[in-house]
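J.: Contents of input.txt (compact mmCIF, C-alpha atoms and all ligand atoms) are below:
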```txt
# COMPACT_ATOMS: atom_id res chain seq x y z
CA MET A 28 0.00 0.00 0.00
CA GLU A 29 1.38 3.38 -1.04
CA GLN A 30 2.00 5.86 1.78
CA ARG A 31 2.44 9.65 1.96
CA TYR A 32 3.45 11.86 4.86
CA ALA A 33 0.75 14.19 6.17
CA ASN A 34 3.20 17.00 5.49
CA GLU A 35 3.13 16.26 1.75
CA SER A 36 -0.47 17.47 1.57
CA ARG A 37 0.03 20.52 3.81
CA CYS A 38 -0.95 23.89 2.36
CA TYR A 39 -1.47 27.46 3.58
CA LYS A 40 -3.48 30.44 2.42
CA THR A 41 -3.27 33.89 4.00
CA SER A 42 -5.74 36.66 3.21
CA ARG A 43 -6.68 40.14 4.29
CA VAL A 44 -10.23 40.89 5.39
CA PHE A 45 -11.63 43.40 2.88
CA PRO A 46 -14.79 45.52 3.36
CA THR A 47 -16.66 43.25 0.91
CA ASP A 48 -15.79 40.18 3.08
CA VAL A 49 -17.51 41.31 6.27
CA ASN A 50 -21.02 40.90 7.71
CA ASN A 51 -23.06 43.59 9.47
CA HIS A 52 -20.99 43.06 12.66
CA ASP A 53 -17.90 44.14 10.68
CA THR A 54 -16.34 40.67 11.10
CA LEU A 55 -15.51 38.11 8.42
CA PHE A 56 -18.69 36.64 6.88
CA GLY A 57 -18.99 32.96 7.89
CA GLY A 58 -19.86 31.86 4.35
CA LYS A 59 -16.67 33.46 3.04
CA LEU A 60 -14.59 31.54 5.58
CA MET A 61 -16.41 28.30 4.73
CA ALA A 62 -15.58 28.80 1.06
CA TYR A 63 -11.89 29.33 1.99
CA ILE A 64 -12.03 26.15 4.11
CA ASP A 65 -13.52 23.96 1.35
CA ASP A 66 -11.09 25.42 -1.18
CA ILE A 67 -7.90 24.77 0.78
CA ALA A 68 -9.08 21.36 2.05
CA SER A 69 -9.75 20.21 -1.52
CA ILE A 70 -6.20 21.21 -2.45
CA ALA A 71 -4.74 19.22 0.47
CA ALA A 72 -6.83 16.15 -0.48
CA THR A 73 -5.77 16.40 -4.13
CA LYS A 74 -2.09 16.81 -3.20
CA HIS A 75 -2.36 13.66 -1.08
CA CYS A 76 -3.87 11.38 -3.72
CA ARG A 77 -3.10 13.20 -7.01
CA GLN A 78 -6.61 12.27 -8.23
CA MET A 79 -9.82 14.23 -8.71
CA VAL A 80 -11.69 14.62 -5.44
CA VAL A 81 -15.16 15.64 -4.28
CA THR A 82 -16.29 16.89 -0.89
CA ALA A 83 -18.28 14.05 0.69
CA SER A 84 -19.03 15.89 3.94
CA THR A 85 -18.04 18.74 6.18
CA ASP A 86 -18.20 18.13 9.92
CA SER A 87 -19.28 21.11 11.96
CA VAL A 88 -17.14 24.17 11.33
CA ASP A 89 -16.39 25.64 14.74
CA PHE A 90 -16.12 29.43 14.65
CA LEU A 91 -14.25 30.07 17.90
CA LEU A 92 -13.55 33.80 17.51
CA PRO A 93 -14.62 36.58 15.14
CA VAL A 94 -12.14 37.66 12.47
CA ARG A 95 -11.74 41.45 12.25
CA PRO A 96 -10.63 43.70 9.39
CA THR A 97 -7.36 44.40 11.27
CA ASP A 98 -6.52 40.67 11.24
CA SER A 99 -4.86 38.54 8.61
CA VAL A 100 -6.52 35.16 8.28
CA CYS A 101 -4.26 32.18 7.64
CA LEU A 102 -5.66 28.73 6.86
CA GLU A 103 -3.55 25.60 7.24
CA SER A 104 -4.77 22.28 5.88
CA PHE A 105 -3.50 18.69 5.66
CA VAL A 106 -4.76 15.11 5.37
CA THR A 107 -5.05 13.49 8.79
CA TRP A 108 -6.51 10.06 8.01
CA THR A 109 -7.49 7.89 5.07
CA GLY A 110 -9.94 5.07 4.47
CA ARG A 111 -10.00 3.22 1.15
CA SER A 112 -11.06 6.10 -1.11
CA SER A 113 -11.84 8.75 1.52
CA MET A 114 -9.54 11.26 3.18
CA GLU A 115 -10.15 13.26 6.32
CA VAL A 116 -8.72 16.78 6.01
CA PHE A 117 -8.15 19.11 8.95
CA VAL A 118 -8.29 22.88 8.53
CA LYS A 119 -7.00 25.29 11.15
CA VAL A 120 -7.73 29.02 10.87
CA ILE A 121 -5.20 31.31 12.55
CA THR A 122 -5.81 35.03 12.80
CA GLU A 123 -3.04 37.53 13.43
CA ASP A 124 -3.71 41.09 14.51
CA LEU A 125 -1.51 42.89 12.01
CA ARG A 126 -0.85 45.77 14.42
CA THR A 127 0.29 43.67 17.39
CA GLY A 128 1.20 40.24 15.99
CA VAL A 129 -1.14 38.53 18.48
CA ARG A 130 -2.47 35.25 17.06
CA HIS A 131 -5.55 33.18 17.82
CA ILE A 132 -7.11 29.97 16.53
CA ALA A 133 -10.34 31.41 15.09
CA ALA A 134 -11.85 28.24 13.64
CA THR A 135 -11.26 24.55 13.00
CA ALA A 136 -12.92 22.12 10.65
CA PHE A 137 -12.77 18.51 9.48
CA LEU A 138 -13.87 17.64 5.97
CA THR A 139 -14.01 14.35 4.09
CA PHE A 140 -13.07 14.07 0.44
CA VAL A 141 -13.41 11.06 -1.84
CA ALA A 142 -11.04 10.30 -4.72
CA LEU A 143 -12.67 9.55 -8.07
CA ASP A 144 -11.34 8.32 -11.40
CA GLU A 145 -12.27 9.85 -14.77
CA ASN A 146 -15.49 7.77 -14.79
CA GLY A 147 -16.55 9.06 -11.39
CA LYS A 148 -15.76 5.74 -9.65
CA THR A 149 -14.14 5.81 -6.23
CA VAL A 150 -10.44 4.87 -6.24
CA PRO A 151 -8.04 3.87 -3.43
CA VAL A 152 -5.83 6.58 -1.93
CA PRO A 153 -2.38 6.26 -0.31
CA GLN A 154 -2.33 5.81 3.47
CA VAL A 155 -1.25 8.85 5.43
CA VAL A 156 1.76 8.78 7.77
CA PRO A 157 1.64 11.33 10.61
CA GLN A 158 4.95 12.69 11.95
CA THR A 159 4.43 15.67 14.27
CA GLU A 160 2.65 15.43 17.65
CA GLU A 161 -0.30 17.35 16.24
CA GLU A 162 -0.56 15.10 13.17
CA LYS A 163 -0.31 11.97 15.34
CA ARG A 164 -3.03 13.15 17.72
CA LEU A 165 -5.36 14.02 14.84
CA HIS A 166 -4.61 10.66 13.18
CA GLU A 167 -5.30 8.65 16.36
CA THR A 168 -8.62 10.37 17.01
CA ALA A 169 -9.80 10.11 13.39
CA VAL A 170 -11.18 6.56 13.60
CA HIS A 171 -13.75 7.70 16.12
CA ARG A 172 -14.73 10.70 13.95
CA ALA A 173 -15.05 8.41 10.89
CA GLU A 174 -17.43 6.14 12.82
CA MET A 175 -19.50 9.16 13.93
CA ARG A 176 -19.68 10.26 10.29
CA ARG A 177 -20.78 6.82 9.14
CA MET A 178 -23.64 6.86 11.67
CA ARG A 179 -24.60 10.43 10.74
CA ARG A 180 -24.65 9.50 7.04
CA GLU A 181 -27.13 6.69 7.77
CA GLU A 182 -29.27 9.11 9.77
CA SER A 183 -29.13 11.68 6.95
CA ARG A 184 -30.33 9.10 4.44
CA LYS A 185 -33.26 8.11 6.66
CA PHE A 186 -34.03 11.79 7.29
CA ALA A 187 -34.06 12.53 3.53
CA ASP A 188 -36.72 9.84 3.08
CA TYR A 189 -39.12 11.89 5.24
CA LEU A 190 -38.68 15.12 3.30
CA THR A 191 -41.04 16.30 0.61
CA MET A 192 -39.75 17.48 -2.77
CA ARG A 193 -43.03 19.18 -3.56
CA PHE A 194 -42.88 22.99 -3.91
CA PRO A 195 -45.65 25.11 -2.28
CA TRP A 196 -47.13 26.15 -5.64
CA GLU A 197 -47.53 22.57 -6.86
C1 LIG A 201 -19.11 11.22 -2.02
C2 LIG A 201 -19.60 10.20 -3.04
C3 LIG A 201 -18.62 10.14 -4.22
C4 LIG A 201 -19.66 8.83 -2.36
O1 LIG A 201 -20.14 7.95 -3.30
P1 LIG A 201 -20.85 6.57 -2.89
O2 LIG A 201 -21.32 5.89 -4.09
O3 LIG A 201 -21.82 6.87 -1.80
O4 LIG A 201 -19.61 5.77 -2.41
P2 LIG A 201 -19.43 4.75 -1.23
O5 LIG A 201 -20.64 4.54 -0.40
O6 LIG A 201 -18.77 3.56 -1.83
O7 LIG A 201 -18.36 5.53 -0.33
C5 LIG A 201 -17.08 5.83 -0.83
C6 LIG A 201 -16.28 6.41 0.30
O8 LIG A 201 -16.83 7.67 0.64
C7 LIG A 201 -17.08 7.73 2.04
N1 LIG A 201 -18.25 8.56 2.22
C8 LIG A 201 -19.39 8.57 1.48
N2 LIG A 201 -20.23 9.50 1.95
C9 LIG A 201 -19.61 10.10 3.00
C10 LIG A 201 -19.97 11.14 3.90
N3 LIG A 201 -21.16 11.76 3.81
N4 LIG A 201 -19.08 11.51 4.84
C11 LIG A 201 -17.89 10.90 4.92
N5 LIG A 201 -17.48 9.90 4.11
C12 LIG A 201 -18.35 9.51 3.16
C13 LIG A 201 -17.35 6.29 2.44
O9 LIG A 201 -17.14 6.09 3.81
C14 LIG A 201 -16.32 5.58 1.58
O10 LIG A 201 -15.04 5.70 2.21
P3 LIG A 201 -13.89 4.60 2.03
O11 LIG A 201 -13.74 4.31 0.55
O12 LIG A 201 -12.66 5.26 2.57
O13 LIG A 201 -14.31 3.40 2.80
C15 LIG A 201 -21.05 10.55 -3.58
O14 LIG A 201 -21.96 10.49 -2.50
C16 LIG A 201 -21.11 11.92 -4.22
O15 LIG A 201 -20.72 12.07 -5.38
N6 LIG A 201 -21.62 12.93 -3.51
C17 LIG A 201 -21.69 14.29 -4.02
C18 LIG A 201 -20.34 14.97 -3.87
C19 LIG A 201 -20.42 16.44 -4.24
O16 LIG A 201 -21.08 16.78 -5.21
N7 LIG A 201 -19.74 17.28 -3.45
C20 LIG A 201 -19.86 18.70 -3.53
C21 LIG A 201 -19.16 19.31 -4.68
S1 LIG A 201 -17.48 18.87 -4.80
```
As structure tokens, what does this structure read like?
Ligand SMILES: CC(C)(COP(=O)(O)OP(=O)(O)OC[C@H]1O[C@@H](n2cnc3c(N)ncnc32)[C@H](O)[C@@H]1OP(=O)(O)O)[C@@H](O)C(=O)NCCC(=O)NCCS
T.:
Amino acid sequence: MEQRYANESRCYKTSRVFPTDVNNHDTLFGGKLMAYIDDIASIAATKHCRQMVVTASTDSVDFLLPVRPTDSVCLESFVTWTGRSSMEVFVKVITEDLRTGVRHIAATAFLTFVALDENGKTVPVPQVVPQTEEEKRLHETAVHRAEMRRMRREESRKFADYLTMRFPWE
């Protein structure tokens, strides 16, 4: 089985917070940050497997602190765990007050991507090898998260069966 270090998928993206990026509290709009998160996580997943990938799920995105226009926002992302065709990707959002240099973890997220071939069929991905303490901790705890996701997916399918697809005007 092919293996890749977690570090081989690691990527970073740093942005300013522009006036068009904020909500009516003058802090970074959550949807903007979620788009950044999905974007960078998909790059980490693709770097890991060098195949096309799709987002299978996003676990809860935890917004721990608001991001202000005086902050830079830096996202770090890497693959923490792999199944057969699926990859768990961790994203850490670090803000830095550009006037003082003070940093905070503003958000964290786990996403799952699935590798697909040119016919849209799932394909096996290399196993991930953690090296740092942080990577090892995230790798060890991933099996539990994967099991939670599997259960949630079953629940989501059952839930979808209850929902109507009829529009009000029909
Ligand atoms: C994700 C997707 C490819 C899975 O296809 P599927 O036919 O259900 O495939 P399987 O049931 O064989 O699952 C394949 C892998 O995906 C994982 N998976 C599927 N749905 C998942 C979910 N909601 N969360 C986490 N993992 C999931 C499975 O655990 C399995 O992992 P493994 O190969 O490591 O064991 C399919 O559901 C899909 O195309 N969804 C839409 C994706 C999309 O459009 N994303 C947004 C735009 S990129």
J.: What's the 8 Å shell around A:Thr85, counting all atoms listed in the file, without same-chain residues fewer than 4 positions away, as a PDB file with C-alpha atoms, keeping the file's coordinate frame?
T.:
```
ATOM      1  CA  ALA A 136     -12.920  22.120  10.650  1.00  0.00           C
ATOM      2  CA  PHE A 137     -12.770  18.510   9.480  1.00  0.00           C
ATOM      3  CA  LEU A 138     -13.870  17.640   5.970  1.00  0.00           C
ATOM      4  CA  THR A 139     -14.010  14.350   4.090  1.00  0.00           C
TER       5      THR A 139
END
```
J.: Residues within 6 Å of ligand LIG 201 (chain A) (all atoms listed in the file), as a ChimeraX atom specification?
T.: /A:81-84,110-113,139,141,176,180
J.: Looking at all atoms listed in the file, which of A:Tyr63, A:Arg31, A:Thr97, A:Ala134 is the one that sits closest to A:Val44?
T.: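 With all atoms listed in the file as the atom set, the closest residue is A:Thr97.
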J.: List as CSV every residue of stretch 131-172 of chain A that is in contact with stretch 102-107 of chain A, defined as an atom at most 8 Å from one of its atoms (using only C-alpha atoms), together with the nearest atom pair and the distance in Å rounded to one decimal, sorted by chain and then rising number.
T.:
```
residue,atom,partner,partner_atom,distance
A:Val155,CA,A:Thr107,CA,6.9
A:Pro157,CA,A:Thr107,CA,7.3
A:Glu162,CA,A:Thr107,CA,6.5
A:Leu165,CA,A:Thr107,CA,6.1
A:His166,CA,A:Thr107,CA,5.2
A:Ala169,CA,A:Thr107,CA,7.4
```
J.: Which of these, A:Met61, A:Met28, A:Ile70, A:Ala187, has the shortest distance to A:Asp89 once you count all atoms listed in the file?
T.: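 Ranked by minimum distance to A:Asp89, first place goes to A:Met61.
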J.: As a list in words, please: the residues near A:Val49 (cut-off 10 Å, all atoms listed in the file, same-chain neighbours under 3 positions excluded).
T.: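 In the requested form, the answer reads Val44, Phe45, Pro46, His52, Asp53, Thr54, Leu55, Phe56, Gly57, Gly58, Lys59, Val94, Arg95 and Pro96 of chain A.
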J.: Restricting the calculation to only C-alpha atoms: of A:Glu145, A:Asp124, A:Asp86, A:Asp98, which residue gets closest to A:Arg172?
T.: A:Asp86
J.: So how far away is atom CA of A:Arg184 from atom CA of A:His75, in Å?
T.: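 Straight-line distance from atom CA of A:His75 to atom CA of A:Arg184 works out to 28.9 Å.
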